[in-house]
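Participant: This structure is in structure tokens; I'll ask about it shortly.
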Amino acid sequence: MLSAKRILLIIGGGIAAYKTLDLIRRLRERGASVTPVLTRAGAEFVTPLAVSALAGHRVFSDLFDLTDEAEMGHIQLSRSADLIVVAPATADLMAKMATGRADDLASTVLLATDTPVLIAPAMNVRMWQHAATQRNIATLKGDGITFAGPNAGDMACGEHGPGRMAEVPEILDAIEHALGDGPLKGQRVLVTSGPTHEPIDPVRYIANRSSGAQGTEIARALAALGAHVVFVTGPATVPPPDGVTVIRVETAREMLDAVEATLPVDAAICAAAVADWRVSSASDHKIKKTKGGLPVLAFAENPDILATLSQKTTGRPRLVVGFAAETDDVITNATAKRARKGCDWIVANDVSPATGIMGGTENAVTLITADGAEAWPRMGKDQVAVQLAARIATALS
Ligand code: CTP
């Protein structure tokens, strides 16, 4: 499964480093080659000799080792792998990654690389839960770093909770997943998701009801097929998936700016529930209740992101997919919407309250293409996403 895959394995300083020795063995059993980088703290837990004996490769540890620089500079080291794995990834190493520091070989390699990175965090539960680490996690996920674990459980320090490094089989699964040569490998796909919030004043806004669940599942399914997914999301209630580049926005206009900045892409999937209007005269100050008067809000139309992408004369994605959430005449309205916006496909669904689809876990969609309407059976939103991603892969191949 991992034959001929090149793993650059960075071993940080934590007691979980002993599990990394087993990880090296299992990777080699599966045919991968392992180039180890041992941090100074990591060497307090496992010896360079044990690591090199298991890896069958010399251990790199010092940024200023002249022999290393002559034989293989840190830039080359950072790029000569199919995947960089950090296990254990300590709180300190994650903080360095999140802030872009490069003060030792491991952090320099991580800053210089253009290779996908997967980390297996391991730390005390309080350190994991600390606001600073949580900020760093969000930053790293936004940078497209993939996480394996951590798990919850008893820790070497005697405490209990999240922070235990994932078990070796789980890390192996994550590595195989990250290296997957899916049908969308090399394709860049944009997914918009979630609602937009349009401010009325600093404390109030208008919005659409959207959890972001369907868009999140689509992004996850596309990434699982090997696509590089850029996920532009409004303030959704479900967290974004791992392994995608996350760009967070609030308003429709910010979403359009983020989408334009992401181009070119091979495909664009517009799953966001964008507010059609914004308050044209949003106030910088909180609007106060005044006796005998109600505020009058003037509206302006928001840019239509799906139509903008679909109607581009240069740099149009090869495939543009929109959604139609309708309550009446679903197929007729959605077919007209496809023509009006100029997109290739419309995924139409009936969001009447009785269907329980809005905010629920299931969806019953009809795919509308140039060839007509194709009704899919009701299924989980994750399954809709998997099927749609497979169709997208076929269309782009
Ligand atoms: N969409 C968009 N930008 C907008 C509005 C909608 O990109 N400003 C996209 C949505 O992401 C979705 C599709 O367009 O893919 C359907 O949007 P919808 O709001 O249903 O379309 P409308 O043009 O508003 O049609 P109607 O009001 O008639 O339902």
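Each chain in the structure tokens gets a letter, A, B and so on, in the order shown; residues start at 1 in every chain, and ligands are counted from 1 in the order they appear.
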Using only C-alpha atoms and all ligand atoms, find each residue with an atom at most 9 Å away from ligand 1 and format the answer as a PyMOL selection string.
Facilitator: chain A and resi 192-194+252-253+255-256+269-277+301-309+321-326+333-334+337-338+340-341+346-348
Participant: Run DSSP on the backbone and grab whatever in segment 336-384 of chain A lands in strand (DSSP E); send it over as a PyMOL selection string.
Facilitator: chain A and resi 345-350+362-363+365-369+372-375+379-380
Participant: Residues within 7 Å of segment 103-119 of chain A, please, as a list in words. Count only C-alpha atoms; anything in the same chain fewer than 4 positions from it doesn't count.
Facilitator: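 Everything that qualifies: Ile10, Val37, Thr39, Ser61, Asp62, Leu63, His74, Ile75, Ser78, Arg79, Asp82, Leu83, Ile84, Val85, Val86, Ala87, Ala89, Lys96, Met97, Ile145, Thr146, Phe147 and Ala148 of chain A.
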Participant: For Lys381 of chain A, list every protein, DNA or RNA residue within 6 Å, evaluated using only C-alpha atoms, and leave out those in the same chain fewer than 2 positions away; present the list as a ChimeraX atom specification.
Facilitator: /A:214,361-363,383-384
Participant: Output the selection as a PDB file, in the first residue's frame - all heavy atoms for each residue.
Facilitator:
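Saved the output as result_36.pdb:
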```
ATOM      1  N   GLN A 214     -23.689  20.095   4.623  1.00  0.00           N
ATOM      2  CA  GLN A 214     -23.539  19.479   3.302  1.00  0.00           C
ATOM      3  C   GLN A 214     -22.242  19.920   2.619  1.00  0.00           C
ATOM      4  O   GLN A 214     -21.521  19.111   2.053  1.00  0.00           O
ATOM      5  CB  GLN A 214     -24.757  19.801   2.426  1.00  0.00           C
ATOM      6  CG  GLN A 214     -24.769  19.041   1.110  1.00  0.00           C
ATOM      7  CD  GLN A 214     -24.877  17.524   1.267  1.00  0.00           C
ATOM      8  OE1 GLN A 214     -25.945  16.974   1.462  1.00  0.00           O
ATOM      9  NE2 GLN A 214     -23.732  16.843   1.194  1.00  0.00           N
ATOM     10  N   THR A 361     -29.588  15.467   9.039  1.00  0.00           N
ATOM     11  CA  THR A 361     -28.408  14.722   8.586  1.00  0.00           C
ATOM     12  C   THR A 361     -28.618  14.081   7.223  1.00  0.00           C
ATOM     13  O   THR A 361     -27.689  13.558   6.632  1.00  0.00           O
ATOM     14  CB  THR A 361     -28.043  13.606   9.589  1.00  0.00           C
ATOM     15  OG1 THR A 361     -29.207  12.782   9.761  1.00  0.00           O
ATOM     16  CG2 THR A 361     -27.627  14.171  10.937  1.00  0.00           C
ATOM     17  N   GLU A 362     -29.883  14.085   6.740  1.00  0.00           N
ATOM     18  CA  GLU A 362     -30.156  13.431   5.460  1.00  0.00           C
ATOM     19  C   GLU A 362     -30.495  14.454   4.380  1.00  0.00           C
ATOM     20  O   GLU A 362     -30.834  15.596   4.672  1.00  0.00           O
ATOM     21  CB  GLU A 362     -31.325  12.456   5.613  1.00  0.00           C
ATOM     22  CG  GLU A 362     -30.976  11.271   6.483  1.00  0.00           C
ATOM     23  CD  GLU A 362     -32.018  10.167   6.388  1.00  0.00           C
ATOM     24  OE1 GLU A 362     -33.193  10.494   6.132  1.00  0.00           O
ATOM     25  OE2 GLU A 362     -31.633   9.001   6.563  1.00  0.00           O
ATOM     26  N   ASN A 363     -30.432  13.993   3.145  1.00  0.00           N
ATOM     27  CA  ASN A 363     -30.761  14.865   2.027  1.00  0.00           C
ATOM     28  C   ASN A 363     -31.351  14.008   0.899  1.00  0.00           C
ATOM     29  O   ASN A 363     -30.969  12.852   0.736  1.00  0.00           O
ATOM     30  CB  ASN A 363     -29.496  15.589   1.535  1.00  0.00           C
ATOM     31  CG  ASN A 363     -29.810  16.935   0.924  1.00  0.00           C
ATOM     32  OD1 ASN A 363     -30.972  17.246   0.668  1.00  0.00           O
ATOM     33  ND2 ASN A 363     -28.782  17.736   0.699  1.00  0.00           N
ATOM     34  N   GLN A 383     -23.243  10.630   2.393  1.00  0.00           N
ATOM     35  CA  GLN A 383     -23.341   9.767   1.217  1.00  0.00           C
ATOM     36  C   GLN A 383     -23.609  10.579  -0.053  1.00  0.00           C
ATOM     37  O   GLN A 383     -23.080  10.291  -1.126  1.00  0.00           O
ATOM     38  CB  GLN A 383     -24.456   8.729   1.413  1.00  0.00           C
ATOM     39  CG  GLN A 383     -23.983   7.493   2.161  1.00  0.00           C
ATOM     40  CD  GLN A 383     -22.714   6.908   1.535  1.00  0.00           C
ATOM     41  OE1 GLN A 383     -22.675   6.628   0.350  1.00  0.00           O
ATOM     42  NE2 GLN A 383     -21.662   6.759   2.339  1.00  0.00           N
ATOM     43  N   VAL A 384     -24.456  11.617   0.074  1.00  0.00           N
ATOM     44  CA  VAL A 384     -24.680  12.525  -1.064  1.00  0.00           C
ATOM     45  C   VAL A 384     -23.328  13.097  -1.503  1.00  0.00           C
ATOM     46  O   VAL A 384     -23.004  13.149  -2.694  1.00  0.00           O
ATOM     47  CB  VAL A 384     -25.643  13.683  -0.674  1.00  0.00           C
ATOM     48  CG1 VAL A 384     -25.683  14.747  -1.763  1.00  0.00           C
ATOM     49  CG2 VAL A 384     -27.040  13.141  -0.405  1.00  0.00           C
TER      50      VAL A 384
END
```
Participant: Residues within 10 Å of Gln129 of chain A, please, as a VMD selection string. Count only C-alpha atoms; anything in the same chain fewer than 6 positions from it doesn't count.
Facilitator: chain A and resid 123 135 161 to 163
Participant: Just the selected residues (all heavy atoms), exported as a PDB file, in the first residue's frame, please.
Facilitator:
```
ATOM      1  N   MET A 123       0.373  15.540  23.998  1.00  0.00           N
ATOM      2  CA  MET A 123       0.725  16.469  25.076  1.00  0.00           C
ATOM      3  C   MET A 123      -0.228  16.270  26.241  1.00  0.00           C
ATOM      4  O   MET A 123      -1.250  15.587  26.112  1.00  0.00           O
ATOM      5  CB  MET A 123       0.683  17.924  24.573  1.00  0.00           C
ATOM      6  CG  MET A 123      -0.698  18.430  24.213  1.00  0.00           C
ATOM      7  SD  MET A 123      -0.659  19.947  23.231  1.00  0.00           S
ATOM      8  CE  MET A 123      -0.046  19.337  21.654  1.00  0.00           C
ATOM      9  N   ARG A 135      -5.740  27.840  19.500  1.00  0.00           N
ATOM     10  CA  ARG A 135      -5.530  28.822  18.414  1.00  0.00           C
ATOM     11  C   ARG A 135      -4.583  28.240  17.362  1.00  0.00           C
ATOM     12  O   ARG A 135      -4.806  28.350  16.170  1.00  0.00           O
ATOM     13  CB  ARG A 135      -4.917  30.113  18.970  1.00  0.00           C
ATOM     14  CG  ARG A 135      -5.906  31.111  19.514  1.00  0.00           C
ATOM     15  CD  ARG A 135      -5.267  32.501  19.645  1.00  0.00           C
ATOM     16  NE  ARG A 135      -4.075  32.526  20.476  1.00  0.00           N
ATOM     17  CZ  ARG A 135      -4.071  32.624  21.808  1.00  0.00           C
ATOM     18  NH1 ARG A 135      -5.220  32.699  22.456  1.00  0.00           N
ATOM     19  NH2 ARG A 135      -2.951  32.645  22.491  1.00  0.00           N
ATOM     20  N   GLY A 161      -7.764  12.594  29.612  1.00  0.00           N
ATOM     21  CA  GLY A 161      -8.440  13.508  28.691  1.00  0.00           C
ATOM     22  C   GLY A 161      -7.761  13.479  27.337  1.00  0.00           C
ATOM     23  O   GLY A 161      -6.906  12.626  27.089  1.00  0.00           O
ATOM     24  N   PRO A 162      -8.138  14.406  26.433  1.00  0.00           N
ATOM     25  CA  PRO A 162      -7.529  14.419  25.105  1.00  0.00           C
ATOM     26  C   PRO A 162      -6.073  14.866  25.169  1.00  0.00           C
ATOM     27  O   PRO A 162      -5.739  15.769  25.939  1.00  0.00           O
ATOM     28  CB  PRO A 162      -8.383  15.426  24.320  1.00  0.00           C
ATOM     29  CG  PRO A 162      -9.007  16.291  25.360  1.00  0.00           C
ATOM     30  CD  PRO A 162      -9.145  15.464  26.604  1.00  0.00           C
ATOM     31  N   GLY A 163      -5.226  14.259  24.377  1.00  0.00           N
ATOM     32  CA  GLY A 163      -3.821  14.638  24.346  1.00  0.00           C
ATOM     33  C   GLY A 163      -2.902  13.451  24.101  1.00  0.00           C
ATOM     34  O   GLY A 163      -1.735  13.627  23.761  1.00  0.00           O
TER      35      GLY A 163
END
```
Participant: Env of Thr216 of chain A: 8 Å cut, atoms = only C-alpha atoms, seq-sep filter 5 positions within chain, self excluded. Answer as a PyMOL selection string.
Facilitator: chain A and resi 193+238-241
Participant: Excluding same-chain residues fewer than 3 positions from segment 226-235 of chain A, what lies within 7 Å of it counting only C-alpha atoms, as an mmCIF file with N, CA, C and O atoms, in the first residue's frame?
Facilitator:
```
data_model
loop_
_atom_site.group_PDB
_atom_site.id
_atom_site.type_symbol
_atom_site.label_atom_id
_atom_site.label_comp_id
_atom_site.auth_asym_id
_atom_site.auth_seq_id
_atom_site.Cartn_x
_atom_site.Cartn_y
_atom_site.Cartn_z
ATOM 1 N N GLY A 180 -3.102 8.943 -0.478
ATOM 2 C CA GLY A 180 -3.995 8.291 -1.435
ATOM 3 C C GLY A 180 -3.896 8.888 -2.834
ATOM 4 O O GLY A 180 -4.010 10.092 -3.010
ATOM 5 N N ASP A 181 -3.684 8.004 -3.777
ATOM 6 C CA ASP A 181 -3.646 8.459 -5.163
ATOM 7 C C ASP A 181 -5.056 8.421 -5.722
ATOM 8 O O ASP A 181 -5.366 7.630 -6.598
ATOM 9 N N GLY A 182 -5.933 9.255 -5.189
ATOM 10 C CA GLY A 182 -7.322 9.241 -5.630
ATOM 11 C C GLY A 182 -7.467 9.817 -7.028
ATOM 12 O O GLY A 182 -6.527 10.425 -7.568
ATOM 13 N N PRO A 183 -8.635 9.674 -7.618
ATOM 14 C CA PRO A 183 -8.851 10.156 -8.985
ATOM 15 C C PRO A 183 -8.772 11.684 -9.110
ATOM 16 O O PRO A 183 -8.651 12.191 -10.217
ATOM 17 N N LEU A 184 -8.848 12.399 -7.975
ATOM 18 C CA LEU A 184 -8.770 13.863 -8.062
ATOM 19 C C LEU A 184 -7.381 14.390 -7.680
ATOM 20 O O LEU A 184 -7.218 15.599 -7.496
ATOM 21 N N LYS A 185 -6.419 13.502 -7.591
ATOM 22 C CA LYS A 185 -5.054 13.937 -7.264
ATOM 23 C C LYS A 185 -4.589 14.976 -8.291
ATOM 24 O O LYS A 185 -4.774 14.779 -9.495
ATOM 25 N N GLY A 186 -4.039 16.075 -7.792
ATOM 26 C CA GLY A 186 -3.549 17.115 -8.687
ATOM 27 C C GLY A 186 -4.610 18.120 -9.108
ATOM 28 O O GLY A 186 -4.304 19.109 -9.775
ATOM 29 N N GLN A 187 -5.871 17.882 -8.718
ATOM 30 C CA GLN A 187 -6.943 18.821 -9.080
ATOM 31 C C GLN A 187 -7.189 19.787 -7.919
ATOM 32 O O GLN A 187 -7.182 19.378 -6.756
ATOM 33 N N ARG A 188 -7.453 21.028 -8.270
ATOM 34 C CA ARG A 188 -7.713 22.052 -7.262
ATOM 35 C C ARG A 188 -9.207 22.361 -7.306
ATOM 36 O O ARG A 188 -9.740 22.703 -8.373
ATOM 37 N N VAL A 189 -9.863 22.194 -6.173
ATOM 38 C CA VAL A 189 -11.320 22.345 -6.151
ATOM 39 C C VAL A 189 -11.718 23.340 -5.058
ATOM 40 O O VAL A 189 -11.235 23.270 -3.924
ATOM 41 N N LEU A 190 -12.590 24.259 -5.429
ATOM 42 C CA LEU A 190 -13.109 25.261 -4.486
ATOM 43 C C LEU A 190 -14.477 24.813 -3.989
ATOM 44 O O LEU A 190 -15.319 24.385 -4.788
ATOM 45 N N VAL A 191 -14.704 24.900 -2.688
ATOM 46 C CA VAL A 191 -16.034 24.623 -2.135
ATOM 47 C C VAL A 191 -16.433 25.831 -1.293
ATOM 48 O O VAL A 191 -15.678 26.234 -0.395
ATOM 49 N N THR A 192 -17.599 26.430 -1.586
ATOM 50 C CA THR A 192 -18.132 27.447 -0.666
ATOM 51 C C THR A 192 -19.156 26.761 0.223
ATOM 52 O O THR A 192 -19.833 25.822 -0.204
ATOM 53 N N SER A 193 -19.263 27.227 1.458
ATOM 54 C CA SER A 193 -20.118 26.520 2.416
ATOM 55 C C SER A 193 -20.600 27.467 3.510
ATOM 56 O O SER A 193 -20.024 28.542 3.715
ATOM 57 N N GLY A 194 -21.639 27.030 4.212
ATOM 58 C CA GLY A 194 -22.133 27.786 5.367
ATOM 59 C C GLY A 194 -22.977 28.973 4.955
ATOM 60 O O GLY A 194 -23.181 29.239 3.768
ATOM 61 N N PRO A 195 -23.473 29.710 5.940
ATOM 62 C CA PRO A 195 -24.255 30.919 5.648
ATOM 63 C C PRO A 195 -23.326 32.116 5.488
ATOM 64 O O PRO A 195 -22.113 31.995 5.696
ATOM 65 N N THR A 196 -23.871 33.246 5.097
ATOM 66 C CA THR A 196 -23.125 34.497 5.287
ATOM 67 C C THR A 196 -23.896 35.333 6.307
ATOM 68 O O THR A 196 -25.107 35.147 6.474
ATOM 69 N N ALA A 219 -16.610 18.830 0.853
ATOM 70 C CA ALA A 219 -15.170 19.134 0.904
ATOM 71 C C ALA A 219 -14.393 17.919 1.396
ATOM 72 O O ALA A 219 -13.333 17.577 0.856
ATOM 73 N N LEU A 222 -14.267 15.240 -1.388
ATOM 74 C CA LEU A 222 -13.359 15.619 -2.475
ATOM 75 C C LEU A 222 -11.899 15.437 -2.045
ATOM 76 O O LEU A 222 -11.069 14.942 -2.814
ATOM 77 N N ALA A 223 -11.604 15.828 -0.796
ATOM 78 C CA ALA A 223 -10.233 15.664 -0.283
ATOM 79 C C ALA A 223 -9.875 14.178 -0.206
ATOM 80 O O ALA A 223 -8.747 13.783 -0.494
ATOM 81 N N VAL A 244 -8.078 20.189 4.425
ATOM 82 C CA VAL A 244 -8.436 21.147 3.378
ATOM 83 C C VAL A 244 -7.921 22.525 3.806
ATOM 84 O O VAL A 244 -7.668 22.748 4.990
ATOM 85 N N THR A 245 -7.756 23.425 2.848
ATOM 86 C CA THR A 245 -7.349 24.790 3.188
ATOM 87 C C THR A 245 -8.610 25.587 3.504
ATOM 88 O O THR A 245 -9.498 25.697 2.663
ATOM 89 N N VAL A 246 -8.693 26.100 4.728
ATOM 90 C CA VAL A 246 -9.918 26.768 5.180
ATOM 91 C C VAL A 246 -9.746 28.287 5.105
ATOM 92 O O VAL A 246 -8.759 28.832 5.597
ATOM 93 N N ILE A 247 -10.686 28.954 4.455
ATOM 94 C CA ILE A 247 -10.705 30.422 4.457
ATOM 95 C C ILE A 247 -12.037 30.841 5.059
ATOM 96 O O ILE A 247 -13.098 30.489 4.531
ATOM 97 N N ARG A 248 -11.988 31.561 6.176
ATOM 98 C CA ARG A 248 -13.220 31.951 6.872
ATOM 99 C C ARG A 248 -13.635 33.362 6.477
ATOM 100 O O ARG A 248 -12.786 34.263 6.441
ATOM 101 N N VAL A 249 -14.909 33.523 6.182
ATOM 102 C CA VAL A 249 -15.441 34.835 5.829
ATOM 103 C C VAL A 249 -16.748 35.045 6.581
ATOM 104 O O VAL A 249 -17.299 34.111 7.165
ATOM 105 N N GLU A 250 -17.222 36.291 6.562
ATOM 106 C CA GLU A 250 -18.501 36.610 7.217
ATOM 107 C C GLU A 250 -19.568 36.943 6.179
ATOM 108 O O GLU A 250 -20.653 36.395 6.189
ATOM 109 N N MET A 255 -16.887 36.683 0.845
ATOM 110 C CA MET A 255 -16.829 35.348 0.232
ATOM 111 C C MET A 255 -16.413 35.467 -1.235
ATOM 112 O O MET A 255 -15.566 34.705 -1.717
ATOM 113 N N ALA A 258 -12.707 36.141 -1.437
ATOM 114 C CA ALA A 258 -11.914 34.939 -1.140
ATOM 115 C C ALA A 258 -11.954 33.966 -2.315
ATOM 116 O O ALA A 258 -10.943 33.347 -2.662
#
```
Participant: Using DSSP on the backbone, list every residue of segment 102-330 of chain A that comes out as helix (DSSP H, G or I), and give them as a ChimeraX atom specification.
Facilitator: /A:105-112,125-129,131-142,168-178,213-224,252-262,305-310,330
Participant: Please report the interatomic distance between atom CA of Ala98 of chain A and atom CA of Ala17 of chain A in Å with one decimal.
Facilitator: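 Going from atom CA of Ala98 of chain A over to atom CA of Ala17 of chain A covers 21.3 Å.
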Participant: Just give me the gap between atom CA of Gly212 of chain A and atom CA of Ala224 of chain A in Å, one decimal is fine.
Facilitator: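 Atom-to-atom, atom CA of Gly212 of chain A to atom CA of Ala224 of chain A, that is 18.3 Å.
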Participant: Can you measure atom CA of Asp173 of chain A to atom CA of Thr20 of chain A for me? One decimal in Å is fine.
Facilitator: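 Straight-line distance from atom CA of Asp173 of chain A to atom CA of Thr20 of chain A works out to 14.4 Å.
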Participant: Check the smallest atom-to-atom distance from each of A:Lys289, A:Arg378, A:Arg391, A:Arg164 to Ala152 of chain A using only C-alpha atoms, then report the winner.
Facilitator: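 Checking each of A:Lys289, A:Arg378, A:Arg391, A:Arg164 against Ala152 of chain A, counting only C-alpha atoms, the winner is A:Arg164.
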